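So this block is entry-v4.cif, mmCIF, C-alpha atoms and all ligand atoms:
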```cif
data_final
#
loop_
_atom_site.label_atom_id
_atom_site.label_comp_id
_atom_site.auth_asym_id
_atom_site.auth_seq_id
_atom_site.Cartn_x
_atom_site.Cartn_y
_atom_site.Cartn_z
CA MET X 1 78.05 -67.76 -83.63
CA TRP X 2 76.14 -64.55 -83.11
CA ALA X 3 74.79 -63.84 -79.67
CA LEU X 4 71.07 -64.44 -79.62
CA THR X 5 70.47 -62.64 -76.37
CA LEU X 6 68.59 -59.40 -76.79
CA LYS X 7 69.84 -56.27 -75.18
CA LYS X 8 67.64 -54.94 -72.38
CA GLU X 9 66.25 -52.18 -74.59
CA GLU X 10 65.37 -54.67 -77.31
CA LEU X 11 63.07 -56.80 -75.19
CA LEU X 12 59.86 -57.84 -76.87
CA SER X 13 57.81 -55.52 -74.70
CA LYS X 14 54.11 -54.91 -74.75
CA ILE X 15 52.37 -51.70 -73.93
CA ASN X 16 49.33 -52.23 -71.74
CA VAL X 17 46.78 -49.43 -71.87
CA PHE X 18 44.33 -48.46 -69.12
CA VAL X 19 41.81 -45.82 -70.14
CA ASP X 20 39.59 -43.73 -67.87
CA GLY X 21 36.73 -43.95 -70.36
CA SER X 22 34.54 -41.45 -68.55
CA TRP X 23 37.26 -38.81 -68.76
CA LEU X 24 38.11 -39.61 -72.39
CA PHE X 25 34.41 -39.38 -73.29
CA LYS X 26 34.36 -35.92 -71.70
CA VAL X 27 37.42 -34.61 -73.55
CA CYS X 28 35.86 -35.74 -76.84
CA LYS X 29 32.61 -33.84 -76.24
CA ALA X 30 31.61 -30.89 -78.43
CA GLY X 31 33.59 -27.81 -77.39
CA SER X 32 36.16 -29.87 -75.45
CA ALA X 33 39.96 -29.86 -75.67
CA LEU X 34 40.11 -32.30 -78.60
CA ALA X 35 37.12 -30.93 -80.50
CA LYS X 36 38.71 -27.44 -80.34
CA GLY X 37 41.64 -28.66 -82.43
CA THR X 38 39.35 -29.43 -85.35
CA ALA X 39 37.50 -27.26 -87.84
CA SER X 40 34.21 -28.47 -86.25
CA PRO X 41 34.65 -27.59 -82.54
CA THR X 42 30.90 -27.67 -81.90
CA TYR X 43 30.73 -31.37 -82.83
CA PRO X 44 32.04 -34.27 -80.72
CA PHE X 45 35.61 -35.29 -81.60
CA PRO X 46 35.50 -38.57 -83.60
CA PHE X 47 38.00 -40.58 -81.55
CA ASP X 48 39.77 -43.46 -83.29
CA PHE X 49 40.74 -46.07 -80.66
CA SER X 50 42.83 -48.17 -83.08
CA GLY X 51 44.63 -45.09 -84.37
CA PHE X 52 45.31 -44.10 -80.78
CA VAL X 53 46.86 -47.47 -79.87
CA SER X 54 49.18 -47.44 -82.88
CA ALA X 55 50.17 -43.81 -82.19
CA LEU X 56 50.93 -44.77 -78.59
CA VAL X 57 53.06 -47.74 -79.69
CA ASP X 58 55.03 -45.40 -81.99
CA HIS X 59 55.43 -42.89 -79.15
CA VAL X 60 56.90 -45.53 -76.82
CA LYS X 61 59.18 -46.84 -79.60
CA ALA X 62 60.49 -43.32 -80.19
CA GLU X 63 60.87 -42.55 -76.47
CA THR X 64 62.64 -45.80 -75.54
CA GLY X 65 64.47 -46.66 -78.75
CA ASN X 66 62.87 -50.11 -78.45
CA ASP X 67 61.63 -51.16 -81.90
CA GLN X 68 60.04 -54.34 -80.58
CA VAL X 69 57.18 -52.72 -78.67
CA SER X 70 53.69 -53.86 -79.58
CA SER X 71 50.26 -53.38 -78.06
CA GLY X 72 49.34 -55.61 -75.12
CA LYS X 73 46.36 -55.56 -72.83
CA LEU X 74 43.81 -52.81 -73.56
CA VAL X 75 41.24 -51.93 -70.91
CA LEU X 76 38.52 -49.30 -70.88
CA CYS X 77 37.38 -48.41 -67.34
CA THR X 78 34.06 -46.66 -67.54
CA SER X 79 30.63 -46.41 -66.01
CA ILE X 80 27.40 -46.44 -67.94
CA PHE X 81 23.99 -45.57 -66.58
CA ASP X 82 21.27 -48.15 -66.94
CA LEU X 83 17.98 -46.35 -67.41
CA PRO X 84 14.86 -47.91 -65.83
CA ASP X 85 11.97 -49.10 -68.01
CA ASP X 86 9.71 -46.33 -66.67
CA PHE X 87 12.32 -43.59 -67.25
CA ASN X 88 10.05 -41.72 -69.70
CA ASP X 89 7.42 -41.46 -66.93
CA TRP X 90 9.76 -39.95 -64.35
CA PRO X 91 8.63 -36.35 -64.98
CA THR X 92 5.04 -37.31 -64.08
CA LYS X 93 6.13 -39.31 -61.01
CA ILE X 94 9.04 -37.22 -59.73
CA PRO X 95 8.40 -33.45 -59.74
CA GLU X 96 12.09 -32.41 -59.83
CA VAL X 97 12.79 -34.38 -63.02
CA LEU X 98 11.94 -32.25 -66.05
CA PRO X 99 10.98 -33.85 -69.39
CA ASP X 100 13.88 -32.23 -71.27
CA LYS X 101 16.34 -33.68 -68.71
CA VAL X 102 15.00 -37.16 -69.51
CA GLU X 103 15.64 -36.62 -73.21
CA LEU X 104 19.10 -35.15 -72.59
CA THR X 105 20.06 -38.03 -70.27
CA LYS X 106 18.95 -40.59 -72.86
CA ARG X 107 21.09 -38.89 -75.51
CA VAL X 108 24.18 -38.75 -73.27
CA VAL X 109 23.79 -42.39 -72.17
CA HIS X 110 23.42 -43.48 -75.78
CA ALA X 111 26.50 -41.47 -76.82
CA LYS X 112 28.57 -43.03 -74.03
CA GLU X 113 27.41 -46.55 -74.94
CA THR X 114 28.40 -45.91 -78.56
CA PHE X 115 31.79 -44.60 -77.42
CA SER X 116 32.42 -47.71 -75.28
CA GLN X 117 31.35 -49.95 -78.14
CA LYS X 118 33.90 -48.30 -80.42
CA ALA X 119 36.60 -49.11 -77.84
CA LYS X 120 35.46 -52.74 -77.69
CA ASP X 121 35.46 -52.96 -81.49
CA ALA X 122 39.10 -51.83 -81.36
CA GLY X 123 40.02 -54.64 -78.96
CA PHE X 124 39.55 -52.98 -75.57
CA SER X 125 38.29 -55.22 -72.77
CA ASP X 126 35.11 -54.28 -70.91
CA GLU X 127 36.11 -56.07 -67.70
CA ALA X 128 36.02 -52.69 -65.93
CA GLU X 129 32.75 -51.40 -67.40
CA PHE X 130 30.43 -50.57 -64.52
CA HIS X 131 26.68 -50.35 -64.90
CA VAL X 132 25.04 -47.91 -62.54
CA LYS X 133 21.26 -47.78 -62.10
CA MET X 134 19.99 -44.26 -62.70
CA LYS X 135 18.37 -42.73 -59.59
CA PRO X 136 16.64 -39.38 -59.13
CA TRP X 137 19.41 -38.11 -56.81
CA ILE X 138 22.00 -38.94 -59.50
CA MET X 139 20.05 -36.77 -61.97
CA SER X 140 20.27 -33.83 -59.53
CA ALA X 141 23.96 -34.47 -58.84
CA LEU X 142 24.70 -34.57 -62.58
CA ASP X 143 22.80 -31.31 -62.92
CA ASN X 144 25.01 -29.42 -60.49
CA ASP X 145 28.18 -31.29 -61.57
CA SER X 146 28.65 -32.90 -58.13
CA TYR X 147 28.29 -36.51 -59.25
CA GLN X 148 31.47 -38.52 -58.68
CA GLU X 149 32.13 -41.96 -60.02
CA LYS X 150 35.05 -43.03 -57.85
CA GLN X 151 34.84 -46.67 -58.92
CA VAL X 152 36.41 -45.79 -62.27
CA ASP X 153 39.48 -44.00 -60.78
CA THR X 154 40.16 -46.61 -58.13
CA THR X 155 39.79 -49.52 -60.58
CA LEU X 156 42.13 -47.79 -63.01
CA VAL X 157 44.89 -47.54 -60.36
CA ALA X 158 44.33 -51.12 -59.22
CA LEU X 159 44.56 -52.51 -62.78
CA LEU X 160 47.61 -50.39 -63.58
CA VAL X 161 49.49 -51.48 -60.44
CA LYS X 162 48.59 -55.16 -60.97
CA SER X 163 49.76 -54.95 -64.58
CA ALA X 164 53.04 -53.30 -63.56
CA PHE X 165 53.76 -56.01 -60.97
CA ASP X 166 52.75 -58.88 -63.25
CA SER X 167 54.74 -57.63 -66.24
CA PRO X 168 57.74 -55.56 -65.07
CA ASP X 169 59.34 -55.69 -68.56
CA ASP X 170 56.26 -54.21 -70.23
CA TYR X 171 55.18 -50.59 -70.48
CA HIS X 172 51.96 -49.44 -68.86
CA ALA X 173 50.00 -46.41 -70.00
CA VAL X 174 47.40 -44.63 -67.89
CA VAL X 175 44.97 -42.52 -69.90
CA SER X 176 43.38 -39.98 -67.59
CA GLY X 177 43.03 -36.32 -66.73
CA ASP X 178 42.99 -37.00 -63.02
CA ALA X 179 46.50 -36.78 -61.56
CA ASP X 180 45.09 -37.47 -58.08
CA MET X 181 45.73 -41.16 -58.69
CA LEU X 182 49.50 -40.64 -58.95
CA PRO X 183 50.24 -40.55 -55.19
CA ALA X 184 48.53 -43.95 -54.87
CA LEU X 185 50.54 -45.28 -57.80
CA ARG X 186 53.80 -44.03 -56.26
CA VAL X 187 53.07 -45.75 -52.94
CA ALA X 188 52.00 -49.07 -54.50
CA TYR X 189 54.58 -49.16 -57.29
CA PRO X 190 57.62 -46.97 -56.50
CA ASP X 191 59.34 -48.06 -59.77
CA TYR X 192 56.62 -46.34 -61.83
CA THR X 193 59.06 -43.85 -63.39
CA LYS X 194 60.75 -46.66 -65.37
CA ASN X 195 57.87 -48.10 -67.34
CA VAL X 196 54.67 -46.17 -66.65
CA LEU X 197 53.61 -43.34 -68.88
CA VAL X 198 50.81 -40.85 -68.77
CA VAL X 199 48.41 -40.11 -71.62
CA THR X 200 46.43 -36.93 -71.16
CA THR X 201 45.49 -33.56 -72.58
CA HIS X 202 48.21 -30.93 -72.78
CA PRO X 203 48.63 -29.02 -69.50
CA ASP X 204 48.71 -25.72 -71.38
CA GLU X 205 45.00 -26.19 -71.86
CA LEU X 206 43.86 -24.53 -68.67
CA ASP X 207 40.36 -25.81 -69.07
CA SER X 208 37.98 -27.97 -67.12
CA ASP X 209 39.68 -31.23 -68.09
CA HIS X 210 42.16 -30.86 -65.24
CA LYS X 211 40.11 -28.88 -62.77
CA HIS X 212 39.40 -31.75 -60.38
CA SER X 213 43.07 -32.64 -59.77
CA SER X 214 44.95 -31.40 -56.73
CA TYR X 215 48.17 -32.96 -58.03
CA SER X 216 49.90 -32.23 -61.27
CA TYR X 217 51.32 -34.76 -63.70
CA LEU X 218 54.34 -32.49 -63.96
CA ASP X 219 55.28 -33.37 -60.35
CA TYR X 220 55.56 -37.03 -61.35
CA LYS X 221 58.22 -37.17 -64.00
CA CYS X 222 58.41 -40.54 -65.75
CA ASP X 223 61.30 -41.66 -67.97
CA ILE X 224 58.88 -41.84 -70.90
CA ASP X 225 57.43 -38.45 -71.72
CA PRO X 226 53.65 -38.10 -71.60
CA PHE X 227 51.59 -38.68 -74.73
CA TYR X 228 49.50 -35.57 -75.24
CA PHE X 229 46.35 -35.91 -77.33
CA GLN X 230 46.56 -32.41 -78.79
CA LEU X 231 50.04 -33.14 -80.20
CA ASN X 232 48.77 -36.35 -81.84
CA LEU X 233 45.36 -35.18 -83.00
CA GLU X 234 45.73 -36.45 -86.59
CA ARG X 235 46.54 -39.95 -85.35
CA VAL X 236 43.62 -40.21 -82.91
CA MET X 237 40.95 -38.78 -85.21
CA GLU X 238 38.71 -41.04 -87.30
CA GLY X 239 38.68 -40.64 -91.06
CA ASN X 240 40.60 -41.85 -94.10
CA HIS X 241 41.31 -38.38 -95.50
CA LYS X 242 42.53 -35.96 -92.85
CA TYR X 243 43.83 -32.50 -93.63
CA ARG X 244 44.95 -29.32 -91.93
CA CYS X 245 43.25 -26.24 -93.30
CA HIS X 246 45.63 -24.03 -95.25
CA GLU X 247 43.96 -20.93 -93.74
CA CYS X 248 43.30 -21.74 -90.08
CA GLY X 249 45.45 -24.84 -89.47
CA LYS X 250 42.50 -26.74 -87.98
CA LEU X 251 42.03 -30.43 -88.64
CA PHE X 252 39.19 -31.71 -90.82
CA THR X 253 38.23 -34.84 -92.73
CA THR X 254 36.68 -35.34 -96.14
CA ILE X 255 34.82 -38.25 -97.69
CA ASN X 256 36.87 -38.01 -100.90
CA GLN X 257 40.55 -37.30 -101.19
CA ILE X 258 41.48 -33.69 -102.00
CA PRO X 259 43.50 -33.63 -105.24
CA GLY X 260 47.18 -32.89 -104.68
CA SER X 261 46.86 -29.82 -106.90
CA SER X 262 44.52 -27.95 -104.51
CA LEU X 263 45.29 -26.63 -101.04
CA PRO X 264 43.19 -28.17 -98.25
CA ARG X 265 40.65 -25.77 -96.76
CA CYS X 266 38.06 -26.43 -94.05
CA ARG X 267 34.36 -25.86 -94.76
CA ALA X 268 34.45 -22.32 -93.34
CA HIS X 269 37.38 -21.34 -95.54
CA ARG X 270 36.15 -23.03 -98.70
CA SER X 271 33.34 -20.59 -99.25
ZN ZN Q 301 40.02 -23.27 -92.01
#
```

When written as structure tokens, how does the structure in this file appear?
Ligand SMILES: [Zn+2]
Amino acid sequence: MWALTLKKEELLSKINVFVDGSWLFKVCKAGSALAKGTASPTYPFPFDFSGFVSALVDHVKAETGNDQVSSGKLVLCTSIFDLPDDFNDWPTKIPEVLPDKVELTKRVVHAKETFSQKAKDAGFSDEAEFHVKMKPWIMSALDNDSYQEKQVDTTLVALLVKSAFDSPDDYHAVVSGDADMLPALRVAYPDYTKNVLVVTTHPDELDSDHKHSSYSYLDYKCDIDPFYFQLNLERVMEGNHKYRCHECGKLFTTINQIPGSSLPRCRAHRS
């Protein structure tokens, strides 16, 4: 009779994913780290949440040699501004709020709501979606980039640590650009190197995505190597037909498939 016990590395493990949605939204903005890898860097990066989860599962399979990994709990931690009913009237009531700021804020809030909805459509839970009432002081803080939404970071660590304790045989991925949460993780869950992995933008990108961190992910080496978005761009981009331009190597999508007989070229290199 063949032994039915699975070896440790063949456990039916799940990968639980905890996303800092506010950070991910930022790195998908026009001109950001992900958008720069495409042939349309001045447009927001069309992030594919389902594609991301399956790419992450494949990454963990490859890193651990465990073929039985599948996706588990998916959580998007994010905050969304609720705009008051009289928001359009703010410029007439509050001198420091300019009309174009009202329009810009409405666009950004709408874009973030759409982004969160895409995550929910892909199976992410909204249990950690915070709604924050817009206030005039928040508008000013957003203006000079001093607004901090600490509730997202702290909830992300709390959910990650709880998940790690509840399911020690699972893998737990933290999707964030803020390595400042790692000291807290190390204190609360010293075994983190075994089954926690980091999903972030590549550290070679010395851009604003990492500027708020005092700690570096590189100081916290986990057994599973980080999943870097830039190295998996094709997998996390929306679109049925994705190509790399023969001339510039940038990623682009087309509505119709490019015939196998012609070399793929982005819009700029087609003309
Ligand atoms: Zn090109």

Tell me which protein, DNA and RNA residues are within 10 Å of X:Arg270, counting only C-alpha atoms, leaving out same-chain ones fewer than 3 positions away, and put them as a PyMOL selection string. chain X and resi 245+247+264-267

Non-local contacts of X:Asp191 (12 Å; all atoms listed in the file; under 2 positions in same chain excluded) as number ranges by chain: X: 161, 164-165, 168-169, 171-172, 185-189, 193-197, 220-223

With all atoms listed in the file as the atoms that count, which of X:Gln230, X:Gly37, X:Val132, X:Val19 lies nearest to ligand ZN 301 (chain Q)? X:Gly37

With a distance cut-off of 12 Å and all atoms listed in the file, select the neighbouring residues of X:Trp90, excluding the residue or stretch itself and same-chain residues fewer than 3 positions from it, and output the selection as an MDAnalysis selection string. chainID X and resid 83:87 93:103 134:136 139

Protein/DNA/RNA residues near (50.4, -37.7, -75.6), cut 10 Å, all atoms listed in the file, as a list in words: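 These residues have at least one counted atom within 10 Å: Phe52, Ala55, Leu56, His59, Val175, Leu197, Val198, Val199, Thr200, Thr201, His202, Asp225, Pro226, Phe227, Tyr228, Phe229, Gln230, Leu231, Asn232 and Leu233 of chain X.
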
For those residues, write C-alpha atoms to a file as a compact mmCIF listing (two decimals), in the frame of the given file.
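And here's again.txt as it stands now:
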```txt
# COMPACT_ATOMS: atom_id res chain seq x y z
CA PHE X 52 45.31 -44.10 -80.78
CA ALA X 55 50.17 -43.81 -82.19
CA LEU X 56 50.93 -44.77 -78.59
CA HIS X 59 55.43 -42.89 -79.15
CA VAL X 175 44.97 -42.52 -69.90
CA LEU X 197 53.61 -43.34 -68.88
CA VAL X 198 50.81 -40.85 -68.77
CA VAL X 199 48.41 -40.11 -71.62
CA THR X 200 46.43 -36.93 -71.16
CA THR X 201 45.49 -33.56 -72.58
CA HIS X 202 48.21 -30.93 -72.78
CA ASP X 225 57.43 -38.45 -71.72
CA PRO X 226 53.65 -38.10 -71.60
CA PHE X 227 51.59 -38.68 -74.73
CA TYR X 228 49.50 -35.57 -75.24
CA PHE X 229 46.35 -35.91 -77.33
CA GLN X 230 46.56 -32.41 -78.79
CA LEU X 231 50.04 -33.14 -80.20
CA ASN X 232 48.77 -36.35 -81.84
CA LEU X 233 45.36 -35.18 -83.00
```

Which is closest to ligand ZN 301 (chain Q) among X:Lys73, X:Gly65, X:Leu11, X:Pro41, if we use all atoms listed in the file?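 For ligand ZN 301 (chain Q), the nearest of the given residues is X:Pro41.
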
With distances taken over all atoms listed in the file, which residue among X:Leu156, X:Ile258, X:Cys248, X:Met181 lies nearest ligand ZN 301 (chain Q)?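 That would be X:Cys248, the residue with the smallest distance to ligand ZN 301 (chain Q).
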
Have a look at X:Phe124, X:Phe252, X:Phe49, X:Trp23 and name the one nearest to ligand ZN 301 (chain Q); count all atoms listed in the file.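 Among the listed residues, the smallest separation from ligand ZN 301 (chain Q) belongs to X:Phe252.
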
Write out as a count of residues only each polymer residue whose atoms come within 8 Å of X:Lys112, counting only C-alpha atoms; drop sequence neighbours fewer than 3 positions from it. 6

Kindly provide, as a list in words, the polymer residues lying within 9 Å of (40.9, -30.4, -80.0), counting all atoms listed in the file and using the coordinates exactly as they appear in the file.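 Within 9 Å of (40.9, -30.4, -80.0), the protein and nucleic acid residues are Val27, Cys28, Gly31, Ser32, Ala33, Leu34, Ala35, Lys36, Gly37, Thr38, Pro41, Phe45, Phe229, Gln230, Leu233, Lys250 and Leu251 of chain X.
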
Go through X:Ser50, X:Ala39, X:Gln151, X:Pro44 one by one, measure the shortest atom-to-atom distance of each to ligand ZN 301 (chain Q) using all atoms listed in the file, and give the residue with the smallest value. X:Ala39

I need the residue nearest X:Ser176 from this list: X:Thr114, X:Thr92, X:Thr154, X:Ser54. Use only C-alpha atoms for the distance.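 Among the listed residues, X:Thr154 lies closest to X:Ser176.
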
Name the residues in contact with X:Met237 at a cut-off of 7 Å, using all atoms listed in the file, excluding same-chain residues fewer than 6 positions from it; report them as a PyMOL selection string. chain X and resi 46-48

Print the selection's residues with C-alpha atoms to a file, as a short mmCIF file (atom, residue, chain, number, x, y, z; two decimals), keeping the file's coordinate frame.
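Dumped everything to again-v6.cif:
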```cif
data_model
loop_
_atom_site.label_atom_id
_atom_site.label_comp_id
_atom_site.auth_asym_id
_atom_site.auth_seq_id
_atom_site.Cartn_x
_atom_site.Cartn_y
_atom_site.Cartn_z
CA PRO X 46 35.50 -38.57 -83.60
CA PHE X 47 38.00 -40.58 -81.55
CA ASP X 48 39.77 -43.46 -83.29
#
```

Distance of atom ZN of ligand ZN 301 (chain Q) from atom CA of X:His269, expressed in Å to one decimal place: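 Going from atom CA of X:His269 over to atom ZN of ligand ZN 301 (chain Q), I get 4.8 Å.
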
To one decimal place in Å, what is the distance between atom CA of X:Lys133 and atom CA of X:Asp82?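 Distance reported for this atom pair: 4.9 Å.
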